[in-house]
$ cat coords27.pdb   # PDB, C-alpha atoms
ATOM      1  CA  MET M   1      23.350 -21.567 -52.592
ATOM      2  CA  ARG M   2      23.461 -19.117 -49.792
ATOM      3  CA  LYS M   3      24.155 -20.237 -46.308
ATOM      4  CA  THR M   4      22.308 -18.225 -43.663
ATOM      5  CA  ASN M   5      23.820 -17.960 -40.277
ATOM      6  CA  LYS M   6      20.764 -17.207 -38.148
ATOM      7  CA  LYS M   7      21.675 -16.830 -34.485
ATOM      8  CA  GLY M   8      19.503 -15.265 -31.780
ATOM      9  CA  PHE M   9      16.073 -13.684 -32.024
ATOM     10  CA  THR M  10      14.763 -10.921 -34.199
ATOM     11  CA  ILE M  11      13.650  -7.649 -32.655
ATOM     12  CA  VAL M  12      10.020  -8.451 -33.508
ATOM     13  CA  GLU M  13      10.164 -11.745 -31.590
ATOM     14  CA  LEU M  14      11.635 -10.001 -28.544
ATOM     15  CA  VAL M  15       8.986  -7.266 -28.596
ATOM     16  CA  ILE M  16       6.200  -9.879 -28.784
ATOM     17  CA  VAL M  17       7.611 -11.778 -25.787
ATOM     18  CA  ILE M  18       7.915  -8.574 -23.754
ATOM     19  CA  ALA M  19       4.337  -7.611 -24.639
ATOM     20  CA  VAL M  20       2.997 -11.003 -23.538
ATOM     21  CA  ILE M  21       4.892 -10.759 -20.233
ATOM     22  CA  ALA M  22       3.532  -7.230 -19.651
ATOM     23  CA  ILE M  23      -0.056  -8.389 -20.276
ATOM     24  CA  LEU M  24       0.314 -11.313 -17.871
ATOM     25  CA  ALA M  25       1.845  -9.056 -15.210
ATOM     26  CA  SER M  26      -1.007  -6.551 -15.535
ATOM     27  CA  ILE M  27      -3.484  -9.361 -14.887
ATOM     28  CA  LEU M  28      -1.656 -11.028 -11.991
ATOM     29  CA  ILE M  29      -0.382  -8.074  -9.934
ATOM     30  CA  PRO M  30      -3.840  -6.870  -8.754
ATOM     31  CA  THR M  31      -4.774 -10.446  -7.858
ATOM     32  CA  PHE M  32      -1.669 -10.924  -5.726
ATOM     33  CA  SER M  33      -2.063  -7.576  -3.971
ATOM     34  CA  GLY M  34      -5.585  -8.604  -2.851
ATOM     35  CA  VAL M  35      -4.262 -11.880  -1.460
ATOM     36  CA  ILE M  36      -1.541 -10.036   0.461
ATOM     37  CA  GLY M  37      -4.173  -7.762   2.046
ATOM     38  CA  GLU M  38      -6.281 -10.731   3.110
ATOM     39  CA  ALA M  39      -3.217 -12.395   4.615
ATOM     40  CA  GLY M  40      -2.537  -9.258   6.665
ATOM     41  CA  ASP M  41      -6.114  -9.296   7.965
ATOM     42  CA  ALA M  42      -5.832 -12.960   8.940
ATOM     43  CA  ALA M  43      -2.497 -12.301  10.666
ATOM     44  CA  ALA M  44      -3.974  -9.413  12.658
ATOM     45  CA  ALA M  45      -6.922 -11.510  13.842
ATOM     46  CA  ALA M  46      -4.634 -14.408  14.782
ATOM     47  CA  ASN M  47      -2.299 -12.078  16.691
ATOM     48  CA  ALA M  48      -5.238 -10.553  18.572
ATOM     49  CA  LYS M  49      -6.535 -13.986  19.541
ATOM     50  CA  ALA M  50      -3.044 -15.079  20.636
ATOM     51  CA  ALA M  51      -2.559 -11.934  22.730
ATOM     52  CA  TYR M  52      -5.902 -12.382  24.491
ATOM     53  CA  THR M  53      -5.281 -16.109  25.027
ATOM     54  CA  GLU M  54      -1.872 -15.342  26.552
ATOM     55  CA  TYR M  55      -3.498 -12.806  28.879
ATOM     56  CA  VAL M  56      -6.244 -15.241  29.947
ATOM     57  CA  THR M  57      -3.730 -18.030  30.538
ATOM     58  CA  ALA M  58      -1.549 -15.802  32.721
ATOM     59  CA  GLN M  59      -4.558 -14.594  34.716
ATOM     60  CA  VAL M  60      -5.827 -18.134  35.294
ATOM     61  CA  GLN M  61      -2.386 -19.326  36.385
ATOM     62  CA  ALA M  62      -2.179 -16.409  38.803
ATOM     63  CA  SER M  63      -5.719 -17.120  40.052
ATOM     64  CA  ALA M  64      -6.617 -13.556  39.119
ATOM     65  CA  GLU M  65      -9.798 -12.148  37.634
ATOM     66  CA  VAL M  66     -10.077 -12.357  33.846
ATOM     67  CA  GLU M  67     -11.566  -9.367  32.062
ATOM     68  CA  GLU M  68     -13.837 -10.733  29.326
ATOM     69  CA  ASN M  69     -14.709  -7.394  27.710
ATOM     70  CA  VAL M  70     -11.525  -5.690  26.546
ATOM     71  CA  VAL M  71      -9.919  -4.070  23.509
ATOM     72  CA  VAL M  72      -6.887  -5.808  21.987
ATOM     73  CA  VAL M  73      -4.467  -3.773  19.879
ATOM     74  CA  VAL M  74      -2.103  -5.600  17.538
ATOM     75  CA  ASN M  75       0.496  -4.116  15.234
ATOM     76  CA  VAL M  76       0.778  -5.605  11.749
ATOM     77  CA  ASN M  77       3.302  -4.124   9.333
ATOM     78  CA  GLY M  78       3.607  -0.955  11.409
ATOM     79  CA  GLU M  79      -0.159  -0.363  11.561
ATOM     80  CA  ASP M  80      -2.224  -0.672  14.750
ATOM     81  CA  ARG M  81      -5.326  -2.836  14.329
ATOM     82  CA  TYR M  82      -8.127  -2.856  16.926
ATOM     83  CA  PHE M  83     -10.261  -5.792  18.024
ATOM     84  CA  ALA M  84     -13.075  -5.822  20.567
ATOM     85  CA  VAL M  85     -13.266  -8.846  22.838
ATOM     86  CA  VAL M  86     -16.806  -9.308  24.109
ATOM     87  CA  ALA M  87     -17.627 -12.096  26.555
ATOM     88  CA  GLY M  88     -14.232 -13.630  25.824
ATOM     89  CA  GLN M  89     -14.829 -13.796  22.061
ATOM     90  CA  ILE M  90     -12.794 -11.842  19.524
ATOM     91  CA  GLN M  91     -15.112  -9.745  17.367
ATOM     92  CA  GLU M  92     -14.426  -8.603  13.833
ATOM     93  CA  GLU M  93     -11.787  -5.926  13.452
ATOM     94  CA  ALA M  94     -12.996  -2.422  14.230
ATOM     95  CA  ASP M  95     -12.296   0.443  11.860
ATOM     96  CA  ASN M  96     -10.629   2.443  14.619
ATOM     97  CA  GLU M  97      -9.969   2.502  18.336
ATOM     98  CA  ALA M  98     -13.161   4.400  19.182
ATOM     99  CA  ASP M  99     -15.334   1.825  17.388
ATOM    100  CA  ALA M 100     -13.615  -1.025  19.249
ATOM    101  CA  MET M 101     -14.161   0.712  22.594
ATOM    102  CA  GLU M 102     -17.816   1.394  21.761
ATOM    103  CA  ALA M 103     -18.310  -2.292  20.894
ATOM    104  CA  VAL M 104     -16.921  -3.343  24.270
ATOM    105  CA  VAL M 105     -19.010  -0.840  26.219
ATOM    106  CA  GLY M 106     -22.102  -1.585  24.150
ATOM    107  CA  ALA M 107     -21.862  -5.233  25.150
ATOM    108  CA  ALA M 108     -22.399  -4.334  28.794
ATOM    109  CA  SER M 109     -24.681  -1.340  28.435
ATOM    110  CA  THR M 110     -25.142   1.788  26.411
ATOM    111  CA  GLY M 111     -23.209   4.938  27.126
ATOM    112  CA  LYS M 112     -20.321   7.067  26.012
ATOM    113  CA  VAL M 113     -16.772   5.856  26.471
ATOM    114  CA  ASN M 114     -14.643   8.256  28.441
ATOM    115  CA  THR M 115     -11.518   6.403  29.574
ATOM    116  CA  LYS M 116      -9.460   3.316  28.950
ATOM    117  CA  ALA M 117      -7.239   1.521  31.442
ATOM    118  CA  ALA M 118      -4.349  -0.756  30.512
ATOM    119  CA  ILE M 119      -4.308  -4.142  32.152
ATOM    120  CA  THR M 120      -1.152  -4.454  34.217
ATOM    121  CA  GLY M 121       1.612  -6.134  32.273
ATOM    122  CA  TYR M 122      -0.194  -5.907  28.920
ATOM    123  CA  ASP M 123       0.364  -2.725  26.934
ATOM    124  CA  ASN M 124      -1.861  -3.923  24.106
ATOM    125  CA  ILE M 125      -4.927  -5.034  26.108
ATOM    126  CA  TYR M 126      -7.079  -2.600  28.010
ATOM    127  CA  THR M 127     -10.467  -2.310  29.624
ATOM    128  CA  VAL M 128     -12.852   0.466  28.730
ATOM    129  CA  THR M 129     -14.958   2.466  31.149
ATOM    130  CA  LYS M 130     -18.041   4.565  30.524
ATOM    131  CA  ASP M 131     -19.356   7.486  32.504
ATOM    132  CA  GLY M 132     -16.855   6.790  35.277
ATOM    133  CA  ALA M 133     -18.064   3.190  35.871
ATOM    134  CA  ASP M 134     -16.370  -0.045  34.882
ATOM    135  CA  ALA M 135     -17.958  -1.340  31.675
ATOM    136  CA  THR M 136     -17.310  -5.009  32.339
TER     137      THR M 136
END

$ encode --input "coords27.pdb" --output "structure tokens"
Amino acid sequence: MRKTNKKGFTIVELVIVIAVIAILASILIPTFSGVIGEAGDAAAAANAKAAYTEYVTAQVQASAEVEENVVVVVNVNGEDRYFAVVAGQIQEEADNEADAMEAVVGAASTGKVNTKAAITGYDNIYTVTKDGADAT
């Protein structure tokens, strides 16, 4: 009678386990990358709302005028994201700065945007003017 001393796994068993792990990873990685992108979008919108709320709160406390039609720029993971605020409400994210400015100006009237002016004390919030007149 032969006594077999079987310790460990065979090479075939190891290759099968590695193949199963690779298949699972190929299924899950695209799913997780989509979730990460959605989380970044939600973070950008939340940061824009927080920035505008902070601005409004400071203006109210100072008894100063609150601009309701502005562009809010937030930086998420090193990328600037642009949001139009129309009548005090954050709109969906704009594709670029020009689209956000057009959305703000379009809320008041039609026309071409020609300048933007930072609100004092807020580098990331600015009003937009059209044809030399204040758009708000």

$ resolve_selection --input "coords27.pdb" --expression "the PyMOL selection byres ((chain M and resi 80) around 12)" --output "PyMOL selection string"
chain M and resi 40-41+44-45+47-48+72-79+81-83+93-97+124

$ closest_residue --input "coords27.pdb" --among "M:Val35, M:Leu28, M:Val71, M:Val105" --to "M:Gln91" --atoms "only C-alpha atoms"
M:Val71

$ atom_distance --input "coords27.pdb" --atom1 "atom CA of M:Glu67" --atom2 "atom CA of M:Glu102"
16.2 Å

$ atom_distance --input "coords27.pdb" --atom1 "atom CA of M:Ser63" --atom2 "atom CA of M:Tyr122"
16.7 Å

$ residues_around --input "coords27.pdb" --residues "M:Glu68" --least-positions-apart "6" --cutoff "9 Å" --atoms "all atoms listed in the file" --output "JSON, numbers by chain"
{"M": [56, 85, 86, 87, 88, 89, 136]}

$ closest_residue --input "coords27.pdb" --among "M:Val17, M:Ile90, M:Ala39, M:Ala84" --to "M:Tyr126" --atoms "only C-alpha atoms"
M:Ala84

$ resolve_selection --input "coords27.pdb" --expression "the PyMOL selection byres ((chain M and resi 55) around 12)" --output "PyMOL selection string"
chain M and resi 48-54+56-62+64-68+70+72+88+119-126

$ atom_distance --input "coords27.pdb" --atom1 "atom CA of M:Glu92" --atom2 "atom CA of M:Gly37"
15.6 Å

$ decode --input "coords27.pdb" --residues "stretch 5-54 of chain M" --atoms "C-alpha atoms" --output "short mmCIF file (atom, residue, chain, number, x, y, z; two decimals), in the first residue's frame"
data_model
loop_
_atom_site.label_atom_id
_atom_site.label_comp_id
_atom_site.auth_asym_id
_atom_site.auth_seq_id
_atom_site.Cartn_x
_atom_site.Cartn_y
_atom_site.Cartn_z
CA ASN M 5 1.63 12.71 0.85
CA LYS M 6 -0.57 15.27 -0.90
CA LYS M 7 0.14 18.79 0.34
CA GLY M 8 -0.91 22.02 -1.38
CA PHE M 9 -2.77 22.56 -4.63
CA THR M 10 -2.09 21.34 -8.11
CA ILE M 11 -1.21 23.79 -10.85
CA VAL M 12 -4.56 23.15 -12.54
CA GLU M 13 -6.48 24.11 -9.39
CA LEU M 14 -4.49 27.33 -9.06
CA VAL M 15 -5.05 28.28 -12.71
CA ILE M 16 -8.82 27.71 -12.33
CA VAL M 17 -8.97 29.94 -9.24
CA ILE M 18 -7.01 32.69 -10.98
CA ALA M 19 -9.31 32.47 -14.02
CA VAL M 20 -12.43 32.78 -11.86
CA ILE M 21 -10.97 35.82 -10.06
CA ALA M 22 -10.08 37.44 -13.41
CA ILE M 23 -13.63 36.92 -14.74
CA LEU M 24 -15.18 38.42 -11.61
CA ALA M 25 -12.81 41.40 -11.75
CA SER M 26 -13.66 42.05 -15.41
CA ILE M 27 -17.34 42.20 -14.47
CA LEU M 28 -17.02 44.34 -11.35
CA ILE M 29 -14.42 46.96 -12.34
CA PRO M 30 -16.61 48.77 -14.92
CA THR M 31 -19.50 48.79 -12.45
CA PHE M 32 -17.40 50.38 -9.72
CA SER M 33 -15.90 52.98 -12.05
CA GLY M 34 -19.44 54.16 -12.97
CA VAL M 35 -20.35 54.50 -9.30
CA ILE M 36 -17.20 56.54 -8.64
CA GLY M 37 -18.14 58.93 -11.47
CA GLU M 38 -21.64 59.40 -10.09
CA ALA M 39 -20.21 60.08 -6.64
CA GLY M 40 -17.99 62.80 -8.11
CA ASP M 41 -21.01 64.41 -9.77
CA ALA M 42 -22.96 64.36 -6.51
CA ALA M 43 -19.99 65.84 -4.64
CA ALA M 44 -19.66 68.66 -7.17
CA ALA M 45 -23.35 69.56 -6.92
CA ALA M 46 -23.22 69.46 -3.11
CA ASN M 47 -20.11 71.65 -3.05
CA ALA M 48 -21.75 74.17 -5.40
CA LYS M 49 -24.85 74.34 -3.22
CA ALA M 50 -22.72 74.73 -0.08
CA ALA M 51 -20.65 77.51 -1.66
CA TYR M 52 -23.75 79.44 -2.74
CA THR M 53 -25.43 78.91 0.64
CA GLU M 54 -22.32 80.22 2.41
#
